[in-house]
Every structure is written in structure tokens, then in C-alpha cells.
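Q: The following file, target_2.txt, comprises compact mmCIF, C-alpha atoms:
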```txt
# COMPACT_ATOMS: atom_id res chain seq x y z
CA MET A 21 125.89 -36.36 -87.66
CA GLY A 22 124.31 -36.00 -84.24
CA GLN A 23 127.58 -37.00 -82.57
CA ILE A 24 129.39 -34.19 -84.42
CA GLU A 25 126.71 -31.61 -83.62
CA ASN A 26 127.03 -32.37 -79.90
CA HIS A 27 130.64 -31.08 -80.04
CA VAL A 28 130.01 -28.05 -82.23
CA ASN A 29 131.53 -25.66 -79.66
CA GLU A 30 134.62 -27.80 -78.97
CA VAL A 31 138.02 -27.63 -80.65
CA THR A 32 139.92 -30.69 -81.79
CA ASP A 33 143.58 -31.17 -82.70
CA LYS A 34 142.72 -33.77 -85.36
CA ALA A 35 141.75 -33.28 -89.00
CA PHE A 36 140.91 -35.41 -92.03
CA VAL A 37 142.52 -34.56 -95.37
CA VAL A 38 141.20 -36.18 -98.54
CA MET A 39 143.66 -36.77 -101.40
CA ARG A 40 142.58 -37.28 -104.98
CA THR A 41 145.20 -39.93 -105.74
CA TYR A 42 146.76 -42.77 -103.80
CA THR A 43 150.23 -41.49 -104.71
CA ALA A 44 149.55 -38.10 -103.13
CA ALA A 45 148.22 -39.75 -99.97
CA THR A 46 151.32 -41.96 -99.69
CA ILE A 47 153.66 -38.98 -100.11
CA ALA A 48 151.72 -36.98 -97.51
CA ILE A 49 152.01 -39.78 -94.96
CA GLN A 50 155.78 -40.17 -95.45
CA SER A 51 156.59 -36.45 -95.44
CA MET A 52 157.62 -34.33 -92.44
CA HIS A 53 155.05 -31.63 -91.75
CA SER A 54 156.63 -29.83 -88.79
CA SER A 55 160.11 -28.78 -87.68
CA LYS A 56 159.37 -30.15 -84.20
CA PRO A 57 159.45 -33.96 -84.19
CA GLY A 58 156.29 -35.46 -82.76
CA SER A 59 154.26 -32.26 -82.81
CA MET A 60 152.27 -33.43 -85.84
CA GLN A 61 151.50 -37.07 -86.57
CA VAL A 62 150.14 -38.15 -89.93
CA SER A 63 148.60 -41.57 -90.52
CA THR A 64 146.13 -43.28 -92.81
CA ALA A 65 142.62 -42.34 -91.75
CA PRO A 66 140.13 -45.08 -90.94
CA GLU A 67 136.89 -45.22 -92.87
CA PRO A 68 133.94 -43.21 -91.46
CA ARG A 69 132.13 -46.29 -90.08
CA ASP A 70 135.23 -47.19 -88.07
CA ILE A 71 135.74 -43.79 -86.41
CA LEU A 72 134.82 -43.23 -82.75
CA TRP A 73 133.62 -39.67 -83.22
CA ASN A 74 133.38 -38.87 -79.52
CA ASN A 75 137.11 -39.56 -79.13
CA ILE A 76 138.03 -37.17 -81.94
CA TYR A 77 137.74 -34.31 -79.46
CA VAL A 78 140.14 -35.88 -76.94
CA SER A 79 143.41 -33.93 -77.01
CA LYS A 80 146.81 -35.57 -77.50
CA GLY A 81 147.85 -34.90 -73.89
CA ALA A 82 144.60 -36.27 -72.48
CA GLN A 83 144.90 -39.34 -74.70
CA ARG A 84 148.47 -39.93 -73.48
CA THR A 85 147.37 -39.65 -69.84
CA ARG A 86 144.42 -41.96 -70.42
CA SER A 87 146.64 -44.52 -72.13
CA TYR A 88 148.98 -44.59 -69.11
CA ILE A 89 146.03 -45.09 -66.76
CA GLY A 90 144.56 -47.75 -69.06
CA GLU A 91 147.84 -49.66 -69.25
CA PHE A 92 148.12 -49.57 -65.46
CA LEU A 93 144.57 -50.88 -65.03
CA VAL A 94 145.13 -53.64 -67.59
CA LYS A 95 148.40 -54.78 -66.00
CA LEU A 96 146.81 -54.69 -62.55
CA LEU A 97 143.81 -56.66 -63.78
CA ILE A 98 145.98 -59.28 -65.48
CA CYS A 99 148.12 -59.69 -62.36
CA LEU A 100 145.12 -59.97 -60.04
CA TYR A 101 143.43 -62.43 -62.39
CA VAL A 102 146.20 -64.90 -61.60
CA ILE A 103 144.50 -65.52 -58.25
CA PRO A 104 141.10 -66.85 -59.47
CA ILE A 105 142.73 -68.77 -62.34
CA ALA A 106 145.14 -70.49 -59.94
CA ILE A 107 142.36 -71.21 -57.43
CA VAL A 108 140.15 -72.73 -60.14
CA SER A 109 143.07 -74.76 -61.49
CA LEU A 110 143.70 -76.19 -58.03
CA LEU A 111 140.15 -76.73 -56.75
CA VAL A 112 138.39 -78.14 -59.82
CA SER A 113 141.19 -80.17 -61.37
CA GLU A 114 140.46 -83.84 -61.98
CA SER A 115 142.73 -85.03 -59.17
CA ALA A 116 141.32 -82.48 -56.70
CA LEU A 117 137.71 -83.43 -57.44
CA VAL A 118 138.38 -87.15 -57.17
CA SER A 119 140.34 -86.82 -53.93
CA SER A 120 137.73 -84.54 -52.35
CA SER A 121 134.94 -87.14 -52.43
CA PRO A 122 135.14 -90.94 -52.14
CA ARG A 123 131.89 -91.19 -54.11
CA LEU A 124 133.42 -89.30 -57.04
CA ALA A 125 136.49 -91.52 -56.85
CA GLN A 126 134.29 -94.65 -57.12
CA LEU A 127 132.35 -93.22 -60.07
CA ASP A 128 135.59 -92.16 -61.73
CA GLN A 129 136.94 -95.71 -61.56
CA ALA A 130 133.64 -97.37 -62.49
CA SER A 131 132.64 -95.30 -65.52
CA SER A 132 134.88 -93.95 -68.27
CA VAL A 133 132.12 -91.53 -69.30
CA PHE A 134 132.00 -90.04 -65.82
CA SER A 135 135.80 -89.85 -65.79
CA VAL A 136 135.73 -87.80 -69.00
CA ALA A 137 133.00 -85.56 -67.53
CA ILE A 138 135.15 -84.86 -64.45
CA ALA A 139 138.13 -84.03 -66.66
CA LEU A 140 136.04 -81.41 -68.51
CA VAL A 141 135.07 -79.47 -65.36
CA GLN A 142 138.34 -77.55 -65.11
CA PRO A 143 138.47 -76.52 -68.82
CA ILE A 144 134.84 -75.34 -68.67
CA CYS A 145 135.60 -73.14 -65.66
CA ILE A 146 138.73 -71.72 -67.35
CA VAL A 147 136.81 -70.97 -70.55
CA GLY A 148 134.08 -69.25 -68.51
CA LEU A 149 136.62 -67.02 -66.77
CA GLN A 150 138.12 -66.14 -70.15
CA GLN A 151 134.88 -64.62 -71.41
CA LEU A 152 134.73 -61.93 -68.72
CA LEU A 153 137.71 -59.82 -69.81
CA PRO A 154 137.25 -58.95 -73.54
CA PRO A 155 134.30 -56.53 -72.98
CA LEU A 156 136.24 -54.88 -70.17
CA PHE A 157 139.36 -54.50 -72.34
CA VAL A 158 137.23 -52.95 -75.12
CA ALA A 159 135.72 -50.45 -72.66
CA ILE A 160 139.19 -49.50 -71.40
CA GLY A 161 140.43 -49.05 -74.98
CA GLN A 162 137.54 -46.75 -75.85
CA ALA A 163 138.03 -44.75 -72.66
CA GLU A 164 141.70 -44.23 -73.58
CA GLY A 165 140.57 -41.98 -76.43
CA ARG A 166 141.48 -44.13 -79.44
CA THR A 167 140.02 -42.72 -82.62
CA SER A 168 138.86 -45.92 -84.36
CA PHE A 169 137.18 -49.12 -83.27
CA SER A 170 139.65 -51.22 -85.28
CA GLU A 171 142.47 -49.68 -83.24
CA VAL A 172 140.58 -50.56 -80.06
CA GLN A 173 140.16 -54.13 -81.27
CA MET A 174 143.83 -54.52 -82.17
CA ASN A 175 144.88 -53.17 -78.79
CA THR A 176 142.38 -55.46 -77.05
CA PHE A 177 143.70 -58.43 -79.04
CA SER A 178 147.26 -57.80 -77.80
CA ARG A 179 146.14 -57.44 -74.19
CA TYR A 180 143.80 -60.44 -74.26
CA PHE A 181 146.44 -62.65 -75.87
CA PHE A 182 148.96 -61.66 -73.20
CA PHE A 183 146.36 -62.40 -70.53
CA GLN A 184 145.65 -65.86 -71.91
CA VAL A 185 149.31 -66.83 -72.22
CA LEU A 186 150.05 -65.66 -68.68
CA ASN A 187 146.90 -66.63 -66.76
CA VAL A 188 145.59 -69.60 -68.71
CA PHE A 189 148.69 -71.27 -70.13
CA LEU A 190 151.48 -70.49 -67.65
CA VAL A 191 149.42 -70.39 -64.44
CA THR A 192 147.58 -73.61 -65.31
CA THR A 193 150.86 -75.33 -66.15
CA ILE A 194 152.50 -74.16 -62.92
CA ALA A 195 149.43 -75.04 -60.85
CA GLY A 196 149.45 -78.49 -62.37
CA THR A 197 153.17 -79.15 -61.76
CA ILE A 198 154.64 -77.14 -58.89
CA PHE A 199 151.72 -77.64 -56.51
CA ASP A 200 151.70 -81.37 -57.19
CA THR A 201 155.39 -81.75 -56.32
CA ILE A 202 155.94 -78.88 -53.85
CA ALA A 203 156.36 -81.21 -50.86
CA ILE A 204 159.13 -83.22 -52.54
CA ILE A 205 160.86 -80.05 -53.74
CA ILE A 206 160.94 -78.68 -50.18
CA GLU A 207 162.57 -81.88 -48.92
CA LYS A 208 165.02 -82.18 -51.85
CA PRO A 209 165.52 -78.78 -53.54
CA GLU A 210 168.14 -80.20 -55.91
CA SER A 211 165.48 -82.41 -57.52
CA ALA A 212 163.23 -79.47 -58.47
CA PHE A 213 164.08 -79.34 -62.16
CA GLU A 214 163.94 -83.10 -62.54
CA MET A 215 160.53 -83.28 -60.87
CA LEU A 216 159.15 -80.41 -62.92
CA GLY A 217 160.49 -81.95 -66.12
CA ASN A 218 158.82 -85.27 -65.31
CA SER A 219 155.49 -83.78 -64.24
CA LEU A 220 155.15 -81.10 -66.93
CA PRO A 221 153.89 -83.55 -69.62
CA ARG A 222 151.12 -84.61 -67.24
CA THR A 223 149.44 -81.24 -67.65
CA SER A 224 149.00 -82.03 -71.33
CA SER A 225 145.84 -83.97 -70.43
CA PHE A 226 144.25 -80.72 -69.29
CA PHE A 227 145.15 -78.93 -72.50
CA ILE A 228 143.90 -81.87 -74.57
CA SER A 229 140.55 -81.57 -72.77
CA PHE A 230 140.70 -77.79 -73.13
CA VAL A 231 141.20 -77.89 -76.92
CA ILE A 232 138.60 -80.66 -77.39
CA LEU A 233 136.13 -78.58 -75.41
CA LYS A 234 136.80 -75.54 -77.60
CA THR A 235 136.53 -77.68 -80.76
CA PHE A 236 133.23 -79.44 -80.20
CA LEU A 237 131.45 -77.35 -77.57
CA GLY A 238 132.78 -73.87 -78.32
CA LEU A 239 132.54 -74.10 -82.10
CA GLY A 240 129.22 -75.94 -81.82
CA VAL A 241 127.70 -73.21 -79.66
CA GLU A 242 128.89 -70.61 -82.17
CA LEU A 243 127.57 -72.56 -85.15
CA VAL A 244 124.02 -72.92 -83.80
CA ARG A 245 124.18 -69.39 -82.28
CA VAL A 246 123.12 -70.41 -78.79
CA VAL A 247 124.01 -66.99 -77.37
CA ALA A 248 121.79 -65.25 -79.95
CA LEU A 249 118.91 -67.61 -79.12
CA VAL A 250 119.29 -66.93 -75.39
CA GLN A 251 119.33 -63.18 -76.03
CA ALA A 252 116.20 -63.44 -78.20
CA VAL A 253 114.32 -65.32 -75.47
CA ALA A 254 115.51 -62.83 -72.82
CA ARG A 255 114.39 -59.87 -74.96
CA TYR A 256 110.96 -61.46 -75.42
CA VAL A 257 110.59 -62.06 -71.68
CA ILE A 258 111.87 -58.66 -70.54
CA PHE A 259 110.29 -56.56 -73.30
CA PRO A 260 107.11 -58.44 -74.33
CA ASN A 261 105.26 -55.34 -75.59
CA SER A 262 108.06 -53.69 -77.57
CA THR A 263 107.20 -52.09 -80.91
CA LEU A 264 108.70 -53.01 -84.26
CA ARG A 265 111.10 -50.07 -84.03
CA THR A 266 112.35 -51.00 -80.56
CA LYS A 267 112.70 -54.64 -81.60
CA ARG A 268 115.37 -53.58 -84.06
CA LYS A 269 117.38 -51.75 -81.38
CA VAL A 270 120.02 -53.11 -79.03
CA MET A 271 118.43 -53.30 -75.58
CA LEU A 272 120.48 -53.98 -72.44
CA GLY A 273 123.36 -55.12 -74.66
CA MET A 274 121.17 -57.75 -76.37
CA ARG A 275 120.76 -57.72 -80.14
CA PRO A 276 117.84 -59.09 -82.21
CA ILE A 277 118.39 -62.63 -83.42
CA ASP A 278 118.62 -61.45 -87.05
CA ASP A 279 121.19 -58.77 -86.17
CA PRO A 280 124.43 -60.56 -85.21
CA GLY A 281 126.42 -57.31 -85.26
CA TRP A 282 130.16 -57.04 -85.85
CA PHE A 283 132.56 -59.94 -85.57
CA PRO A 284 134.67 -59.85 -82.35
CA PHE A 285 138.09 -60.21 -83.98
CA HIS A 286 139.94 -59.30 -80.79
CA LYS A 287 138.41 -62.14 -78.77
CA ILE A 288 138.28 -64.92 -81.38
CA LEU A 289 141.79 -64.34 -82.74
CA ALA A 290 143.34 -64.23 -79.27
CA GLN A 291 141.59 -67.45 -78.24
CA ASP A 292 142.66 -69.22 -81.43
CA MET A 293 146.25 -68.02 -80.99
CA LEU A 294 146.28 -69.69 -77.57
CA VAL A 295 145.64 -73.04 -79.29
CA VAL A 296 148.62 -72.34 -81.56
CA VAL A 297 150.81 -71.65 -78.50
CA ILE A 298 149.65 -74.88 -76.85
CA SER A 299 150.40 -76.94 -79.96
CA VAL A 300 153.89 -75.43 -80.39
CA VAL A 301 154.90 -75.83 -76.72
CA PHE A 302 153.62 -79.39 -76.23
CA ALA A 303 154.58 -80.67 -79.69
CA VAL A 304 157.81 -82.12 -78.28
CA VAL A 305 156.93 -83.13 -74.71
CA ALA A 306 153.41 -84.44 -75.50
CA PRO A 307 152.82 -84.89 -79.25
CA LEU A 308 149.30 -86.20 -78.62
CA VAL A 309 148.22 -82.58 -78.08
CA LEU A 310 148.74 -81.94 -81.80
CA LEU A 311 145.76 -84.13 -82.73
CA PRO A 312 143.02 -82.06 -81.02
CA CYS A 313 144.80 -78.86 -82.08
CA ALA A 314 144.71 -80.01 -85.72
CA LEU A 315 141.02 -80.87 -85.40
CA PHE A 316 140.36 -77.46 -83.90
CA CYS A 317 142.09 -75.69 -86.80
CA PHE A 318 140.25 -77.84 -89.37
CA PHE A 319 136.75 -77.29 -87.93
CA SER A 320 137.47 -73.62 -87.19
CA ARG A 321 138.34 -73.06 -90.85
CA ILE A 322 135.01 -74.52 -91.97
CA MET A 323 132.85 -72.93 -89.26
CA TRP A 324 134.25 -69.39 -89.41
CA THR A 325 134.10 -69.38 -93.21
CA HIS A 326 130.38 -70.18 -92.94
CA GLN A 327 129.80 -67.55 -90.23
CA HIS A 328 131.56 -64.81 -92.18
CA LEU A 329 129.71 -65.60 -95.39
CA TYR A 330 126.19 -66.06 -94.02
CA VAL A 331 125.95 -64.65 -90.47
CA TYR A 332 128.18 -61.73 -89.52
CA GLU A 333 128.17 -58.42 -91.35
CA SER A 334 131.32 -56.45 -92.07
CA VAL A 335 131.03 -53.25 -90.06
CA PHE A 336 134.30 -51.74 -91.31
CA GLU A 337 137.45 -52.61 -93.24
CA SER A 338 140.86 -52.17 -91.60
CA GLY A 339 142.98 -53.08 -94.62
CA GLY A 340 144.58 -56.20 -93.10
CA GLN A 341 146.12 -54.39 -90.12
CA PHE A 342 145.51 -57.43 -87.91
CA LEU A 343 147.86 -59.63 -89.95
CA PRO A 344 151.20 -58.17 -88.68
CA LYS A 345 150.01 -58.34 -85.08
CA ILE A 346 149.04 -62.00 -85.45
CA PHE A 347 152.36 -63.06 -86.95
CA CYS A 348 154.35 -61.03 -84.40
CA ARG A 349 152.84 -63.23 -81.71
```
Could you quickly redo this structure as C-alpha cells?

A:
Amino acid sequence: MGQIENHVNEVTDKAFVVMRTYTAATIAIQSMHSSKPGSMQVSTAPEPRDILWNNIYVSKGAQRTRSYIGEFLVKLLICLYVIPIAIVSLLVSESALVSSSPRLAQLDQASSVFSVAIALVQPICIVGLQQLLPPLFVAIGQAEGRTSFSEVQMNTFSRYFFFQVLNVFLVTTIAGTIFDTIAIIIEKPESAFEMLGNSLPRTSSFFISFVILKTFLGLGVELVRVVALVQAVARYVIFPNSTLRTKRKVMLGMRPIDDPGWFPFHKILAQDMLVVVISVVFAVVAPLVLLPCALFCFFSRIMWTHQHLYVYESVFESGGQFLPKIFCR
């Protein structure tokens, strides 16, 4: 109630109407309430826990302006993120690391374990770069004036999925094919498509390592809650004399170890959808990719079922609104 009392002198153009029956609510949503199209919009209200009360007082015009600015910032960020993704794909690829040092080349030929370790460097760097954008996309969505956190998550899911397909899948594929054959293409431009067609399946080794890394390292870290353990240790070191009340609060973005918070649907679903895209694209040119993708889906089913039943708490219910967005992808 404190959030509402802070805006007691402000006027909002939004209102909540409670219907006694589901039939009445359905009729009210489908009816026209104004002679001017677009002047009044009626939709199903989110539950109270899902509402961002501070954004209720953002006017329709201000929300439209903020959404334009937010879309521009997101598009600019996605376009500029191509640069670090491409640089990482070029500098820390397996061939680049081996060619940069004769010692690494000797170890790569002498030990299969070391060869596998070198192949995992590029996927680890790509996964690390992936984790930087979801919190930023959530902040942009909230600043746009959206009225519910589920709406912010769904919007962030769409943006993050587009980012991954463009910057992780396409840029990595191009960096692994065009830059390897650019010299030959310059000499013989007519052989460009043939060279790209022959070298495209070679990038499947990266995506095999990428999916294996997500399967065993990513899911393993989530299962044992390494991030929660690190946050608990950091809270103990930074706030050693905190009281019982402050221990239950979120401090510097770090939660108590027994308070996992809400489940980040926008980030997890977008990352899992990238694995689906990889499996569909490389199913024909490199069928071996399907094996780690199948293992990822199998272990994800078991691990996320456990996490939802015993770890994460349901902060709000959106009524399955994520399902259409997932299948549209």
C-alpha cells in the first residue's frame, strides 16, 4: 500500500474493474467501450502480485514514447553486441588458440583432454557474454512503463531470443565460415557459395561443445545452486554484523540462500529455445548435433522439474501467456 500512497496526488488513466462472473468479464473485454477506436483499451488484468504499481501512473502517451526509446536502445544494443561476439568468436576459437602458440599446438596434439579443454574456451566466453543482457533488458522493460512484471518478462524473452539468434547463432556461424575462407573468396568470388557450403558443417563442432557445456556445466551449476552459494558467502563477508531482519532482505542485489526468488522465465526459456534452433538448423548438415541437444532436453526436463517443485517459489501466475510466444518462435 505504500507504493499507492506515494502517488495519492497523481491521476492515472488506468482502472481495475472486478466482475462477479467469468462470463461478464469475457463480454466486457470483447465489447467496444468508446466511439473513438483506440481511445480506451480493455484487457485482462494481471493479479495484484504481478502489477508494477509505480508504472500505473505512467500515461498512455508517455508509455508510447518510452516504448519507442526502449526499442531503439534495444536494437542499438543488439547491433553493437555483434562486435564483442564476433571478436570473441575469432580470438578464442580452437583454431585461433592453437595457431597463436606453438606450445598450445603441441599440447593439443599430445593430449585429447587438453584438446577438449581448448575447444570449451570459446563456448564458455559466449555463455558469459550471454548473461550480461537479461538484467539490462528487464530494466529497459520496466522503464518503458509496462504495468505487469509478466509483461516485462515476455517482452524481455522476445528481445533476448532475437539477440541470441542474431549474435550467438548467426554471428558465430559467419565468424567460423566466412573468416576462414575469406582469402579464397577474394581470389575466386564465384566459389563463395561452394566454400561456405563446405565449411558451414565445420562450425557444428562449436555448437556441439556449446550444448554439451550448457548440459553438464550450466545445468549442474543450477542444480547445486552455485550462484546462491556465492551470494551467501559474499553477504557474510560484506555484511558480517547484519541483524536477523536485514538477513532476510535483498542487499546489493543478493538474496539469502533460502530465498531463491522468482524464476527467470525470460532468460531460461530464451536460452533453451536457442538449443532448439541449433538442433533444427544442423539436423541435416550435421546430424551429430542432435545427440547433445537431446541430452540437454532430457536433463533439462528432470532438473527444472526438481527446481520448480523444491526450490523456486511462484511469485505470480500469468495464465499460460508464455506458451503462444514460445511456439511462435

Q: Enter the distance from atom CA of A:Val141 to atom CA of A:Glu114, in Å, rounded to one decimal.

A: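 Atom CA of A:Glu114 lies at a distance of 7.7 Å from atom CA of A:Val141.
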
Q: List the neighbours of stretch 48-62 of chain A out to 12 Å using all atoms listed in the file; skip same-chain residues closer than 2 positions along the sequence, and give me the result as a VMD selection string.

A: chain A and resid 33 to 46 64 to 65 80 to 81

Q: Residues at most 10 Å from A:Phe285, counting all atoms listed in the file, excluding those fewer than 2 positions away in the same chain, as a PyMOL selection string?

A: chain A and resi 170+173-174+176-177+282-283+287-291+342

Q: Record the distance separating atom CA of A:Ser168 and atom CA of A:Glu67, expressed in Å with one decimal.

A: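 Result for atom CA of A:Ser168 versus atom CA of A:Glu67: 8.8 Å, one decimal.
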
Q: For a quick check of your reading of the model, name the residues lying within 12 Å of the coordinate (145.0, -41.4, -70.6), counting all atoms listed in the file, and write them as a PDB file with C-alpha atoms, in the frame of the given file.

A:
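Saved to out_16.pdb:
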```pdb
ATOM      1  CA  ASN A  75     137.110 -39.560 -79.130  1.00  0.00           C
ATOM      2  CA  VAL A  78     140.140 -35.880 -76.940  1.00  0.00           C
ATOM      3  CA  SER A  79     143.410 -33.930 -77.010  1.00  0.00           C
ATOM      4  CA  LYS A  80     146.810 -35.570 -77.500  1.00  0.00           C
ATOM      5  CA  GLY A  81     147.850 -34.900 -73.890  1.00  0.00           C
ATOM      6  CA  ALA A  82     144.600 -36.270 -72.480  1.00  0.00           C
ATOM      7  CA  GLN A  83     144.900 -39.340 -74.700  1.00  0.00           C
ATOM      8  CA  ARG A  84     148.470 -39.930 -73.480  1.00  0.00           C
ATOM      9  CA  THR A  85     147.370 -39.650 -69.840  1.00  0.00           C
ATOM     10  CA  ARG A  86     144.420 -41.960 -70.420  1.00  0.00           C
ATOM     11  CA  SER A  87     146.640 -44.520 -72.130  1.00  0.00           C
ATOM     12  CA  TYR A  88     148.980 -44.590 -69.110  1.00  0.00           C
ATOM     13  CA  ILE A  89     146.030 -45.090 -66.760  1.00  0.00           C
ATOM     14  CA  GLY A  90     144.560 -47.750 -69.060  1.00  0.00           C
ATOM     15  CA  GLU A  91     147.840 -49.660 -69.250  1.00  0.00           C
ATOM     16  CA  PHE A  92     148.120 -49.570 -65.460  1.00  0.00           C
ATOM     17  CA  LEU A  93     144.570 -50.880 -65.030  1.00  0.00           C
ATOM     18  CA  ILE A 160     139.190 -49.500 -71.400  1.00  0.00           C
ATOM     19  CA  GLY A 161     140.430 -49.050 -74.980  1.00  0.00           C
ATOM     20  CA  GLN A 162     137.540 -46.750 -75.850  1.00  0.00           C
ATOM     21  CA  ALA A 163     138.030 -44.750 -72.660  1.00  0.00           C
ATOM     22  CA  GLU A 164     141.700 -44.230 -73.580  1.00  0.00           C
ATOM     23  CA  GLY A 165     140.570 -41.980 -76.430  1.00  0.00           C
ATOM     24  CA  ARG A 166     141.480 -44.130 -79.440  1.00  0.00           C
TER      25      ARG A 166
END
```

Q: Please determine, counting only C-alpha atoms, which residue among A:Pro276, A:Thr167, A:Lys234, A:Cys313 has the shortest atom-to-atom distance to A:Ala252.

A: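 Among the listed residues, the smallest separation from A:Ala252 belongs to A:Pro276.
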
Q: Just the number, please: distance in Å from atom CA of A:Ile105 to atom CA of A:Phe183, one decimal.

A: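 Going from atom CA of A:Ile105 over to atom CA of A:Phe183, I get 11.0 Å.
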
Q: Quick one: residues within 10 Å of stretch 248-251 of chain A, only C-alpha atoms counted, chain neighbours fewer than 5 positions away excluded, as a ChimeraX atom specification?

A: /A:241-242,256-257,271-280

Q: Those selected residues, please, written with C-alpha atoms and delivered as a compact mmCIF listing (two decimals), in the coordinates of the input.

A:
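Generated file (out.txt):
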```txt
# COMPACT_ATOMS: atom_id res chain seq x y z
CA VAL A 241 127.70 -73.21 -79.66
CA GLU A 242 128.89 -70.61 -82.17
CA TYR A 256 110.96 -61.46 -75.42
CA VAL A 257 110.59 -62.06 -71.68
CA MET A 271 118.43 -53.30 -75.58
CA LEU A 272 120.48 -53.98 -72.44
CA GLY A 273 123.36 -55.12 -74.66
CA MET A 274 121.17 -57.75 -76.37
CA ARG A 275 120.76 -57.72 -80.14
CA PRO A 276 117.84 -59.09 -82.21
CA ILE A 277 118.39 -62.63 -83.42
CA ASP A 278 118.62 -61.45 -87.05
CA ASP A 279 121.19 -58.77 -86.17
CA PRO A 280 124.43 -60.56 -85.21
```

Q: Would you mind completing stretch 301-312 of chain A so that it carries N, CA, C and O atoms, and writing it out as a PDB file, in the frame of the given file?

A:
```
ATOM      1  N   VAL A 301     154.167 -75.519 -77.955  1.00  0.00           N
ATOM      2  CA  VAL A 301     154.900 -75.830 -76.720  1.00  0.00           C
ATOM      3  C   VAL A 301     154.891 -77.334 -76.433  1.00  0.00           C
ATOM      4  O   VAL A 301     155.916 -77.922 -76.082  1.00  0.00           O
ATOM      5  N   PHE A 302     153.732 -77.975 -76.595  1.00  0.00           N
ATOM      6  CA  PHE A 302     153.620 -79.390 -76.230  1.00  0.00           C
ATOM      7  C   PHE A 302     153.890 -80.331 -77.395  1.00  0.00           C
ATOM      8  O   PHE A 302     153.705 -81.543 -77.250  1.00  0.00           O
ATOM      9  N   ALA A 303     154.314 -79.805 -78.547  1.00  0.00           N
ATOM     10  CA  ALA A 303     154.580 -80.670 -79.690  1.00  0.00           C
ATOM     11  C   ALA A 303     155.705 -81.649 -79.412  1.00  0.00           C
ATOM     12  O   ALA A 303     155.712 -82.766 -79.943  1.00  0.00           O
ATOM     13  N   VAL A 304     156.659 -81.263 -78.572  1.00  0.00           N
ATOM     14  CA  VAL A 304     157.810 -82.120 -78.280  1.00  0.00           C
ATOM     15  C   VAL A 304     157.573 -82.987 -77.054  1.00  0.00           C
ATOM     16  O   VAL A 304     157.828 -84.198 -77.076  1.00  0.00           O
ATOM     17  N   VAL A 305     157.070 -82.383 -75.964  1.00  0.00           N
ATOM     18  CA  VAL A 305     156.930 -83.130 -74.710  1.00  0.00           C
ATOM     19  C   VAL A 305     155.686 -84.008 -74.701  1.00  0.00           C
ATOM     20  O   VAL A 305     155.645 -85.022 -73.998  1.00  0.00           O
ATOM     21  N   ALA A 306     154.648 -83.646 -75.451  1.00  0.00           N
ATOM     22  CA  ALA A 306     153.410 -84.440 -75.500  1.00  0.00           C
ATOM     23  C   ALA A 306     152.802 -84.302 -76.894  1.00  0.00           C
ATOM     24  O   ALA A 306     151.878 -83.511 -77.105  1.00  0.00           O
ATOM     25  N   PRO A 307     153.293 -85.041 -77.865  1.00  0.00           N
ATOM     26  CA  PRO A 307     152.820 -84.890 -79.250  1.00  0.00           C
ATOM     27  C   PRO A 307     151.342 -85.188 -79.442  1.00  0.00           C
ATOM     28  O   PRO A 307     150.756 -84.775 -80.452  1.00  0.00           O
ATOM     29  N   LEU A 308     150.719 -85.888 -78.491  1.00  0.00           N
ATOM     30  CA  LEU A 308     149.300 -86.200 -78.620  1.00  0.00           C
ATOM     31  C   LEU A 308     148.444 -84.939 -78.642  1.00  0.00           C
ATOM     32  O   LEU A 308     147.318 -84.953 -79.158  1.00  0.00           O
ATOM     33  N   VAL A 309     148.969 -83.840 -78.090  1.00  0.00           N
ATOM     34  CA  VAL A 309     148.220 -82.580 -78.080  1.00  0.00           C
ATOM     35  C   VAL A 309     147.986 -82.074 -79.506  1.00  0.00           C
ATOM     36  O   VAL A 309     147.017 -81.356 -79.762  1.00  0.00           O
ATOM     37  N   LEU A 310     148.857 -82.439 -80.428  1.00  0.00           N
ATOM     38  CA  LEU A 310     148.740 -81.940 -81.800  1.00  0.00           C
ATOM     39  C   LEU A 310     147.463 -82.432 -82.477  1.00  0.00           C
ATOM     40  O   LEU A 310     146.941 -81.748 -83.364  1.00  0.00           O
ATOM     41  N   LEU A 311     146.958 -83.596 -82.087  1.00  0.00           N
ATOM     42  CA  LEU A 311     145.760 -84.130 -82.730  1.00  0.00           C
ATOM     43  C   LEU A 311     144.525 -83.257 -82.481  1.00  0.00           C
ATOM     44  O   LEU A 311     143.871 -82.833 -83.443  1.00  0.00           O
ATOM     45  N   PRO A 312     144.162 -82.955 -81.214  1.00  0.00           N
ATOM     46  CA  PRO A 312     143.020 -82.060 -81.020  1.00  0.00           C
ATOM     47  C   PRO A 312     143.259 -80.651 -81.559  1.00  0.00           C
ATOM     48  O   PRO A 312     142.315 -79.997 -82.014  1.00  0.00           O
TER      49      PRO A 312
END
```
